file run.txt (compact mmCIF, C-alpha atoms)
# COMPACT_ATOMS: atom_id res chain seq x y z
CA MET A 1 119.00 80.54 109.71
CA ASP A 2 121.30 82.45 107.46
CA PRO A 3 123.58 84.49 109.66
CA THR A 4 125.10 86.58 106.87
CA ASP A 5 123.44 89.86 107.69
CA ALA A 6 123.66 89.51 111.44
CA GLN A 7 127.27 88.53 111.95
CA PRO A 8 130.37 88.98 109.88
CA SER A 9 132.46 86.44 111.81
CA PRO A 10 132.57 82.71 111.04
CA PHE A 11 130.79 82.01 114.33
CA ASP A 12 128.48 79.02 113.86
CA TYR A 13 125.24 79.99 115.54
CA GLU A 14 123.47 76.73 114.82
CA GLU A 15 126.32 74.69 116.26
CA CYS A 16 126.29 76.89 119.34
CA PHE A 17 122.56 76.36 119.67
CA GLU A 18 122.83 72.59 119.35
CA ALA A 19 125.68 72.43 121.84
CA ASN A 20 124.09 74.60 124.50
CA TYR A 21 120.31 74.85 124.22
CA VAL A 22 119.38 71.83 126.31
CA ARG A 23 121.85 72.62 129.07
CA ILE A 24 120.81 76.23 129.23
CA ALA A 25 117.10 75.42 129.29
CA ARG A 26 117.71 72.98 132.13
CA ALA A 27 119.79 75.56 134.01
CA VAL A 28 116.97 78.09 133.68
CA ALA A 29 114.43 75.48 134.75
CA ARG A 30 116.31 75.14 138.04
CA VAL A 31 115.82 78.84 138.62
CA VAL A 32 112.25 79.35 137.49
CA GLY A 33 110.90 75.89 138.31
CA ASP A 34 108.64 75.86 135.27
CA TYR A 35 109.71 73.87 132.22
CA ALA A 36 107.63 75.72 129.64
CA ARG A 37 108.79 79.09 130.94
CA ALA A 38 112.37 77.84 131.07
CA GLU A 39 112.23 76.98 127.38
CA GLU A 40 110.79 80.38 126.52
CA ILE A 41 113.58 82.07 128.44
CA ALA A 42 116.26 79.90 126.86
CA VAL A 43 114.92 80.78 123.42
CA GLU A 44 114.93 84.45 124.41
CA ALA A 45 118.58 84.18 125.41
CA PHE A 46 119.50 82.61 122.08
CA TRP A 47 117.51 85.28 120.29
CA LYS A 48 119.48 87.95 122.14
CA LEU A 49 122.69 86.21 121.11
CA TRP A 50 121.51 86.21 117.51
CA ARG A 51 120.91 89.94 117.68
CA THR A 52 124.21 90.66 119.46
CA PRO A 53 127.06 89.95 117.03
CA GLN A 54 129.66 91.24 119.48
CA ALA A 55 128.79 88.31 121.77
CA HIS A 56 129.56 85.78 119.04
CA GLY A 57 132.78 83.96 119.72
CA GLU A 58 134.35 81.49 122.06
CA ASN A 59 132.74 83.11 125.09
CA ALA A 60 129.26 82.80 123.60
CA PRO A 61 128.27 79.89 125.90
CA GLY A 62 129.19 81.90 128.99
CA TRP A 63 127.36 84.92 127.63
CA LEU A 64 124.32 82.72 126.97
CA TYR A 65 124.32 81.22 130.45
CA ARG A 66 124.61 84.59 132.07
CA THR A 67 121.89 86.11 129.89
CA ALA A 68 119.55 83.17 130.35
CA LEU A 69 120.05 83.07 134.13
CA ARG A 70 119.55 86.82 134.36
CA LEU A 71 116.32 86.51 132.40
CA GLY A 72 115.30 83.64 134.67
CA LEU A 73 116.07 85.63 137.80
CA ASN A 74 114.16 88.62 136.44
CA ASP A 75 111.23 86.33 135.78
CA LEU A 76 111.48 85.04 139.33
CA ARG A 77 111.49 88.57 140.75
CA ASP A 78 108.51 89.57 138.62
CA ARG A 79 106.59 86.64 139.95
CA GLU A 80 107.58 87.55 143.49
CA ARG A 81 106.23 91.02 142.95
CA ARG A 82 102.99 89.67 141.63
CA SER A 83 102.71 87.35 144.62
CA ARG A 84 102.04 84.43 142.35
CA TYR A 85 105.21 82.65 143.12
CA GLU A 86 103.85 80.37 145.78
CA LYS A 87 101.40 78.63 143.54
CA GLU A 88 103.37 78.74 140.31
CA ALA A 89 106.91 77.93 141.21
CA GLY A 90 108.39 74.51 140.76
CA ARG A 91 107.16 71.09 140.01
CA PRO A 92 107.68 68.46 142.63
CA PRO A 93 109.91 65.58 141.68
CA GLU A 94 108.91 62.06 142.45
CA THR A 95 109.78 61.46 146.08
CA PRO A 96 108.87 58.55 148.21
CA THR A 97 106.67 60.28 150.76
CA PRO A 98 104.47 63.34 150.83
CA GLU A 99 106.52 64.74 153.69
CA GLU A 100 109.77 64.47 151.75
CA LEU A 101 108.11 65.87 148.69
CA ARG A 102 106.84 68.84 150.62
CA ALA A 103 110.21 69.40 152.28
CA ALA A 104 112.06 69.32 148.97
CA GLU A 105 109.56 71.64 147.39
CA GLN A 106 109.79 74.01 150.32
CA GLU A 107 113.57 74.06 150.11
CA ARG A 108 113.44 74.92 146.41
CA GLU A 109 110.96 77.71 147.03
CA GLN A 110 113.19 79.12 149.74
CA VAL A 111 116.32 79.00 147.60
CA ARG A 112 114.55 80.65 144.67
CA ARG A 113 113.19 83.37 146.91
CA VAL A 114 116.66 84.10 148.28
CA LEU A 115 118.18 84.13 144.78
CA ALA A 116 115.49 86.56 143.65
CA ALA A 117 116.38 88.88 146.53
CA LEU A 118 120.14 88.96 145.81
CA GLU A 119 121.99 91.36 143.56
CA PRO A 120 121.72 89.93 140.03
CA ARG A 121 125.45 89.38 139.69
CA ASP A 122 125.67 87.54 143.00
CA ALA A 123 122.86 85.20 142.02
CA GLU A 124 124.38 84.66 138.58
CA LEU A 125 127.78 83.85 140.07
CA LEU A 126 126.32 81.29 142.46
CA LEU A 127 124.24 79.61 139.78
CA LEU A 128 127.04 79.57 137.22
CA ARG A 129 129.49 78.22 139.79
CA HIS A 130 127.03 75.51 140.70
CA GLN A 131 126.67 74.81 136.99
CA GLY A 132 130.37 73.92 136.98
CA PHE A 133 131.95 77.08 135.61
CA ARG A 134 135.64 77.50 136.41
CA TYR A 135 136.90 80.82 137.75
CA ASP A 136 138.17 81.98 134.34
CA GLU A 137 134.84 81.03 132.74
CA LEU A 138 132.96 82.85 135.47
CA ALA A 139 135.10 85.93 134.92
CA ALA A 140 134.37 85.88 131.20
CA ALA A 141 130.68 85.34 131.76
CA VAL A 142 130.15 88.19 134.20
CA GLU A 143 132.82 90.36 132.59
CA VAL A 144 135.14 90.93 135.52
CA LYS A 145 138.86 90.31 135.99
CA PRO A 146 139.68 86.68 136.77
CA ALA A 147 141.70 87.76 139.81
CA SER A 148 138.62 89.20 141.49
CA ILE A 149 136.32 86.22 140.96
CA GLY A 150 137.27 84.48 144.19
CA THR A 151 136.41 87.57 146.23
CA LEU A 152 133.18 88.22 144.35
CA LEU A 153 132.11 84.62 144.72
CA ALA A 154 132.82 84.62 148.45
CA ARG A 155 130.81 87.82 148.82
CA ALA A 156 127.95 86.30 146.85
CA GLN A 157 127.99 83.24 149.12
CA GLN A 158 127.95 85.43 152.21
CA ALA A 159 125.11 87.50 150.79
CA PHE A 160 123.17 84.33 150.03
CA ARG A 161 123.57 82.95 153.55
CA LYS A 162 122.81 86.29 155.13
CA GLU A 163 119.60 86.66 153.13
CA TYR A 164 118.63 83.04 153.71
CA LEU A 165 119.07 83.36 157.45
CA ARG A 166 117.31 86.72 157.48
CA ILE A 167 114.21 85.22 155.89
CA TYR A 168 114.17 81.72 157.30
CA GLY A 169 116.33 81.90 160.38
CA GLU A 170 118.91 79.39 161.60
CA LYS A 171 117.96 75.76 160.98
CA MET B 1 139.44 81.02 158.08
CA GLU B 2 139.93 78.83 155.03
CA ARG B 3 137.77 76.16 156.56
CA ASN B 4 135.03 78.71 157.22
CA LYS B 5 135.11 79.74 153.58
CA ARG B 6 134.85 76.12 152.49
CA ASP B 7 132.00 75.50 154.90
CA LEU B 8 130.18 78.55 153.60
CA ALA B 9 130.70 77.47 149.97
CA ASP B 10 129.44 73.97 150.78
CA TRP B 11 126.45 75.34 152.68
CA VAL B 12 125.43 77.60 149.80
CA ASP B 13 126.07 74.95 147.19
CA SER B 14 124.02 72.36 149.04
CA ARG B 15 121.07 74.71 149.06
CA ILE B 16 121.38 75.60 145.40
CA ALA B 17 121.69 71.89 144.67
CA SER B 18 118.11 71.52 145.85
CA LEU B 19 117.14 73.11 142.55
CA ASP B 20 118.62 70.17 140.63
CA ALA B 21 115.25 68.52 140.21
CA THR B 22 114.81 68.68 136.48
CA GLY B 23 115.05 64.87 136.35
CA GLU B 24 114.67 63.33 132.92
CA TRP B 25 113.05 66.40 131.45
CA ARG B 26 114.49 67.11 128.03
CA PRO B 27 113.95 70.58 126.53
CA ASP B 28 112.56 70.50 123.00
CA ALA B 29 115.44 71.91 120.94
CA VAL B 30 113.61 71.33 117.65
CA ARG B 31 110.70 73.48 118.70
CA ALA B 32 113.03 76.13 120.10
CA TRP B 33 114.97 76.25 116.86
CA ALA B 34 111.70 76.61 114.95
CA VAL B 35 110.72 79.53 117.20
CA LEU B 36 114.04 81.24 116.53
CA ARG B 37 113.65 80.72 112.79
CA ARG B 38 110.14 82.16 112.84
CA ARG B 39 111.34 85.21 114.73
CA ASP B 40 114.20 85.65 112.33
CA ARG B 41 111.85 85.41 109.36
CA ALA B 42 109.48 87.95 110.90
CA VAL B 43 112.37 90.39 111.32
CA ARG B 44 113.49 89.78 107.76
CA VAL B 45 110.00 90.32 106.42
CA ARG B 46 109.73 93.63 108.28
CA ARG B 47 113.16 94.63 107.07
CA ALA B 48 112.32 93.58 103.52
CA GLY B 49 109.22 95.74 103.74
CA TRP B 50 111.31 98.78 104.58
CA VAL B 51 113.88 97.92 101.94
CA GLY B 52 111.09 97.48 99.40
CA LEU B 53 109.56 100.81 100.32
CA THR B 54 112.92 102.53 100.07
CA ALA B 55 113.66 100.81 96.78
CA THR B 56 110.29 101.87 95.40
CA VAL B 57 110.90 105.48 96.36
CA MET B 58 114.38 105.36 94.85
CA ALA B 59 113.11 103.70 91.70
CA ALA B 60 110.43 106.32 91.31
CA SER B 61 113.05 109.04 91.75
CA LEU B 62 115.30 107.42 89.15
CA ILE B 63 112.45 107.16 86.66
CA VAL B 64 111.67 110.82 87.10
CA PHE B 65 115.38 111.59 86.71
CA ALA B 66 115.80 109.32 83.67
CA LEU B 67 112.86 110.81 81.83
CA GLY B 68 114.60 114.12 81.91
CA GLU B 69 118.00 112.82 80.77
CA PRO B 70 119.09 111.24 77.44
CA ARG B 71 120.35 107.60 77.67
CA ALA B 72 124.14 107.49 77.74
CA CYS B 73 124.25 104.10 76.03
CA ALA B 74 124.96 104.14 72.31
CA ASN B 75 125.49 100.39 71.82
CA PRO B 76 122.97 99.12 69.25
CA LEU B 77 123.12 95.66 70.86
CA GLY B 78 121.94 97.07 74.14
CA CYS B 79 123.50 98.30 77.32
CA ALA B 80 124.71 96.32 80.28
CA ASP B 81 121.75 97.25 82.42
CA ASP B 82 119.40 95.83 79.81
CA GLN B 83 120.92 92.39 80.31
CA ALA B 84 119.70 89.87 82.83
CA LYS B 85 120.46 90.93 86.35
CA PRO B 86 122.80 88.62 88.25
CA PHE B 87 121.02 86.42 90.70
CA ALA B 88 120.83 87.94 94.16
CA PRO B 89 121.26 85.29 96.86
CA GLU B 90 119.26 87.34 99.33
CA THR B 91 116.16 86.74 97.25
CA LEU B 92 116.22 83.05 98.16
CA LEU B 93 113.36 81.90 100.31
CA THR B 94 114.07 79.83 103.39
CA ASN B 95 110.60 79.00 104.66
CA TYR B 96 109.16 77.65 101.44
CA ARG B 97 108.32 74.26 102.95
CA GLU B 98 106.14 75.72 105.67
CA SER B 99 102.53 76.86 105.39
CA GLY B 100 99.98 78.17 107.82
CA PRO B 101 100.28 80.43 110.84
CA ALA B 102 103.50 80.33 112.83
CA ASN B 103 101.60 80.40 116.13
CA ALA B 104 99.18 77.59 115.30
CA LYS B 105 98.34 75.31 118.20
CA VAL B 106 99.03 72.24 116.11
CA THR B 107 101.79 71.69 113.56
CA ILE B 108 101.71 68.82 111.10
CA GLU B 109 104.99 67.66 109.63
CA VAL B 110 104.97 65.18 106.79
CA TYR B 111 108.07 63.21 105.82
CA SER B 112 107.93 62.17 102.20
CA ASP B 113 110.03 60.61 99.46
CA TYR B 114 109.37 61.93 95.95
CA GLN B 115 109.81 58.48 94.47
CA CYS B 116 107.44 56.77 96.91
CA PRO B 117 104.08 55.88 95.28
CA SER B 118 102.15 56.25 98.57
CA CYS B 119 103.58 59.74 99.00
CA ALA B 120 102.54 60.66 95.47
CA ALA B 121 99.04 59.42 96.22
CA ALA B 122 98.87 61.31 99.50
CA PHE B 123 100.08 64.56 97.95
CA THR B 124 98.21 64.56 94.66
CA ASN B 125 94.64 63.61 95.40
CA GLY B 126 94.83 62.14 98.87
CA ILE B 127 95.02 63.28 102.42
CA ILE B 128 97.46 66.20 102.13
CA PRO B 129 95.29 68.42 99.90
CA GLN B 130 92.40 67.80 102.31
CA ILE B 131 94.51 68.88 105.29
CA MET B 132 95.73 71.93 103.43
CA LYS B 133 92.20 72.93 102.50
CA GLU B 134 90.51 72.30 105.84
CA TYR B 135 93.21 73.15 108.36
CA VAL B 136 96.17 75.01 106.88
CA LYS B 137 94.43 77.50 104.60
CA THR B 138 91.89 78.20 107.34
CA GLY B 139 94.70 79.10 109.73
CA LYS B 140 94.09 76.29 112.21
CA VAL B 141 97.23 74.27 111.59
CA ARG B 142 100.79 74.83 110.51
CA PHE B 143 102.19 72.46 107.91
CA ILE B 144 105.82 71.55 107.28
CA HIS B 145 106.92 69.28 104.46
CA ARG B 146 110.07 67.33 105.25
CA ASP B 147 112.29 65.29 102.96
CA TYR B 148 112.99 61.68 103.75
CA PRO B 149 114.39 60.10 100.55
CA LEU B 150 114.67 56.36 101.01
CA PRO B 151 117.94 54.70 99.95
CA GLN B 152 116.22 52.22 97.62
CA HIS B 153 114.86 55.06 95.48
CA GLN B 154 117.50 56.03 92.95
CA TYR B 155 116.21 59.50 92.07
CA ALA B 156 114.48 60.53 95.28
CA LYS B 157 117.34 62.65 96.58
CA LEU B 158 117.88 64.35 93.22
CA ALA B 159 114.17 65.13 93.07
CA ALA B 160 114.39 66.69 96.52
CA ARG B 161 117.30 68.86 95.37
CA TYR B 162 115.37 70.12 92.35
CA VAL B 163 112.16 70.74 94.28
CA ASN B 164 113.95 72.56 97.09
CA ALA B 165 115.96 74.66 94.63
CA ALA B 166 112.69 75.61 92.92
CA GLY B 167 111.22 76.28 96.36
CA ARG B 168 113.94 78.76 97.20
CA LEU B 169 112.87 80.75 94.16
CA GLY B 170 109.18 80.63 95.05
CA TYR B 171 108.00 77.65 93.00
CA TYR B 172 107.81 75.04 95.73
CA ASP B 173 104.13 74.13 95.67
CA ALA B 174 104.08 73.85 91.89
CA ALA B 175 107.26 71.76 91.87
CA VAL B 176 106.05 69.37 94.60
CA ALA B 177 102.70 68.88 92.90
CA HIS B 178 104.22 68.30 89.46
CA ILE B 179 107.00 65.99 90.62
CA PHE B 180 104.54 63.79 92.49
CA LYS B 181 102.10 63.92 89.59
CA THR B 182 104.73 62.84 87.04
CA GLN B 183 106.51 60.38 89.32
CA THR B 184 105.92 57.40 87.05
CA THR B 185 107.51 59.31 84.15
CA TRP B 186 110.77 60.59 85.65
CA GLU B 187 111.45 57.61 87.88
CA LYS B 188 112.21 55.58 84.73
CA ASP B 189 115.09 57.75 83.53
CA GLY B 190 115.67 60.44 86.15
CA SER B 191 114.34 63.19 83.86
CA ILE B 192 113.49 65.42 86.80
CA ASP B 193 115.01 68.46 85.15
CA THR B 194 112.57 68.18 82.26
CA GLN B 195 109.61 67.99 84.60
CA ILE B 196 110.71 70.86 86.83
CA ALA B 197 111.27 73.01 83.74
CA LYS B 198 107.57 72.65 82.98
CA VAL B 199 106.58 74.54 86.13
CA VAL B 200 109.53 76.91 86.60
CA PRO B 201 110.11 79.82 84.17
CA PRO B 202 113.28 79.55 82.02
CA GLY B 203 115.14 82.35 83.79
CA ALA B 204 114.56 80.82 87.19
CA MET B 205 115.30 77.36 85.83
CA VAL B 206 118.86 78.46 85.10
CA LYS B 207 119.23 79.29 88.78
CA VAL B 208 117.60 76.03 89.80
CA ARG B 209 120.16 74.10 87.77
CA GLN B 210 123.02 76.11 89.23
CA MET B 211 121.81 75.35 92.73
CA VAL B 212 121.23 71.66 92.03
CA GLN B 213 124.77 71.34 90.70
CA ASN B 214 126.66 73.52 93.15
CA ASP B 215 124.70 74.24 96.29
CA LYS B 216 125.59 71.76 98.99
CA THR B 217 123.13 73.31 101.41
CA LEU B 218 120.36 71.58 99.48
CA ASP B 219 121.73 68.24 100.66
CA GLU B 220 122.27 69.62 104.14
CA SER B 221 118.62 70.55 104.31
CA VAL B 222 117.63 67.00 103.39
CA ALA B 223 120.16 65.56 105.82
CA SER B 224 118.74 67.76 108.55
CA ASP B 225 115.26 66.42 107.88
CA GLN B 226 116.58 62.87 107.86
CA ALA B 227 118.30 63.42 111.20
CA LEU B 228 115.07 64.73 112.65
CA GLY B 229 113.25 61.78 111.10
CA ALA B 230 115.70 59.43 112.79
CA GLN B 231 114.85 61.05 116.11
CA ASP B 232 111.19 60.46 115.31
CA ASN B 233 112.03 56.80 114.46
CA ILE B 234 110.69 57.15 110.93
CA ASN B 235 110.75 53.85 109.06
CA GLN B 236 108.33 54.51 106.22
CA THR B 237 107.01 57.25 104.02
CA PRO B 238 104.78 59.08 104.14
CA THR B 239 104.92 59.58 107.90
CA MET B 240 103.12 62.33 109.72
CA VAL B 241 104.33 63.92 112.95
CA ILE B 242 101.82 66.04 114.78
CA LEU B 243 103.23 68.59 117.21
CA GLU B 244 100.99 69.75 119.96
CA ASN B 245 102.01 71.45 123.17
CA GLY B 246 105.64 70.43 122.72
CA THR B 247 104.89 66.77 122.09
CA ARG B 248 105.65 65.02 118.81
CA HIS B 249 103.04 62.40 117.96
CA VAL B 250 104.30 60.13 115.18
CA VAL B 251 101.46 58.92 112.95
CA ALA B 252 102.42 56.13 110.54
CA PRO B 253 100.90 54.84 108.46
CA ILE B 254 98.70 57.86 107.96
CA PRO B 255 95.13 56.78 108.73
CA ALA B 256 92.04 57.48 106.64
CA TYR B 257 91.07 61.13 106.61
CA PRO B 258 87.98 60.91 108.90
CA LEU B 259 90.03 59.28 111.66
CA LEU B 260 92.91 61.70 111.23
CA LYS B 261 90.48 64.60 111.21
CA SER B 262 88.91 63.55 114.50
CA TYR B 263 92.40 63.25 116.02
CA ILE B 264 93.42 66.73 114.84
CA ASP B 265 90.11 68.19 116.01
CA ASP B 266 90.64 66.68 119.45
CA LEU B 267 94.11 68.21 119.67
CA LEU B 268 92.79 71.59 118.59
CA LYS B 269 90.08 71.46 121.25
CA LYS B 270 92.51 70.66 124.08

call {"tool": "encode", "arguments": {"input": "run.txt", "output": "structure tokens"}}
result
Amino acid sequence: MDPTDAQPSPFDYEECFEANYVRIARAVARVVGDYARAEEIAVEAFWKLWRTPQAHGENAPGWLYRTALRLGLNDLRDRERRSRYEKEAGRPPETPTPEELRAAEQEREQVRRVLAALEPRDAELLLLRHQGFRYDELAAAVEVKPASIGTLLARAQQAFRKEYLRIYGEK
Amino acid sequence: MERNKRDLADWVDSRIASLDATGEWRPDAVRAWAVLRRRDRAVRVRRAGWVGLTATVMAASLIVFALGEPRACANPLGCADDQAKPFAPETLLTNYRESGPANAKVTIEVYSDYQCPSCAAAFTNGIIPQIMKEYVKTGKVRFIHRDYPLPQHQYAKLAARYVNAAGRLGYYDAAVAHIFKTQTTWEKDGSIDTQIAKVVPPGAMVKVRQMVQNDKTLDESVASDQALGAQDNINQTPTMVILENGTRHVVAPIPAYPLLKSYIDDLLKK
């Protein structure tokens, strides 16, 4: 694509796409549990980047991750509301026994349900942190001061555990 | 306290790690890029429509205004605005190698080399015109022509440059057809320019030559196709890649039309 009318900076959109698309689609797939939907959401995130010149720059990957995960979480919440989540979410990986397969699937469903119930920023922080983002990268991605990331992350973890235990109890 | 925080972080992370079950799944970046390009084109077309409408209104206003005013130009050789307008880069087409509906269930990509006799046969009176007639023009299938000039063909890359330059100005189909049709003529001496000039108007031909000489993106476009071809493990031309539901089915050599037709029909029925 010719970026001339969408962005005045020398930001290389295609390079950014090539460097990040696969990782972002896989990150979204973890959230939504549906590969086709994950690709649609990843494309949507890149489309938003294309239409948002102010996001072009060195923080574009962080912006993309955050946008894609937010879209994925929104998708998850929509499915929760429509009560279709149970039958649509996730694809089971190959596991040795049906019991293990069921347990793994159940765990994923539970985690997704908890993430969908959290504040968007909390869920994004947990997913981005798990994705390997450093504190400074997290701060850039969610647009907060780096000094407050530790506190926000700890709060997000507490909120996750609280919600998990509220729904599923102590195990 | 610190240990509690670590325990909490580990507990949360171990649960989120349960989502790491994407295995060997590899997202289709090529298809995603194509989707983004289609969206971008759609926006540009809409924008161009508005620009065109605005330009038409402005032009009409200017004509009305000009009819009421004497021309300021007194030069008997003509005024500057009577001369050829400089070429506007924004008028270049980008999707000239694609035909058919963007949302088609099946996309057929064909890698070709302009100096390859089998490609010439396929494109002039062989299987490609049949596909275009029965599937692309009827809106069932999307078609993308990709360049895959083989190293043993001296003029294949130059031919691709000329054809793509002509394509950017809106003469792609005519250029492809004529270059394949006259392959046995230009492959002797590389007289591709002469052949392209037969299907591109003189004014546009000047721009074609400028692009062929100076525009490196023409080579980048070919290189991009070759890189994609390498991913598809292309080792001959013509090669067909049929995309259906995110899967790329490489078809080489291209079978006889009845067999290919039954294969495409099966994919469309899925």

call {"tool": "closest_residue", "arguments": {"input": "run.txt", "among": "A:Ser148, A:Gln110, A:Asn20, A:Thr52", "to": "Arg15 (chain B)", "atoms": "all atoms listed in the file"}}
result
A:Gln110

call {"tool": "interface_residues", "arguments": {"input": "run.txt", "of": "chain B", "to": "chain A", "cutoff": "9 Å", "atoms": "all atoms listed in the file", "output": "JSON, numbers by chain"}}
result
{"B": [5, 8, 9, 11, 12, 13, 15, 16, 17, 18, 19, 20, 21, 22, 23, 25, 26, 27, 28, 29, 32, 33, 35, 36, 37, 39, 40, 41, 94, 246]}

call {"tool": "atom_distance", "arguments": {"input": "run.txt", "atom1": "CA of Gln154 (chain B)", "atom2": "CA of Val200 (chain B)"}}
result
23.2 Å

call {"tool": "residues_around", "arguments": {"input": "run.txt", "residues": "region 158-171 of chain B", "least_positions_apart": "3", "cutoff": "6 Å", "atoms": "only C-alpha atoms", "output": "PyMOL selection string"}}
result
chain B and resi 92-93+96+155+174-175+208+212+218

call {"tool": "atom_distance", "arguments": {"input": "run.txt", "atom1": "CA of Ile179 (chain B)", "atom2": "CA of Asn235 (chain B)"}}
result
22.4 Å

call {"tool": "closest_residue", "arguments": {"input": "run.txt", "among": "B:Val57, B:Leu243, B:Met205, B:Met211", "to": "Arg31 (chain B)", "atoms": "all atoms listed in the file"}}
result
B:Leu243

call {"tool": "closest_residue", "arguments": {"input": "run.txt", "among": "A:Leu165, A:Ala55, A:Leu138, A:Ala68", "to": "Gly150 (chain A)", "atoms": "only C-alpha atoms"}}
result
A:Leu138
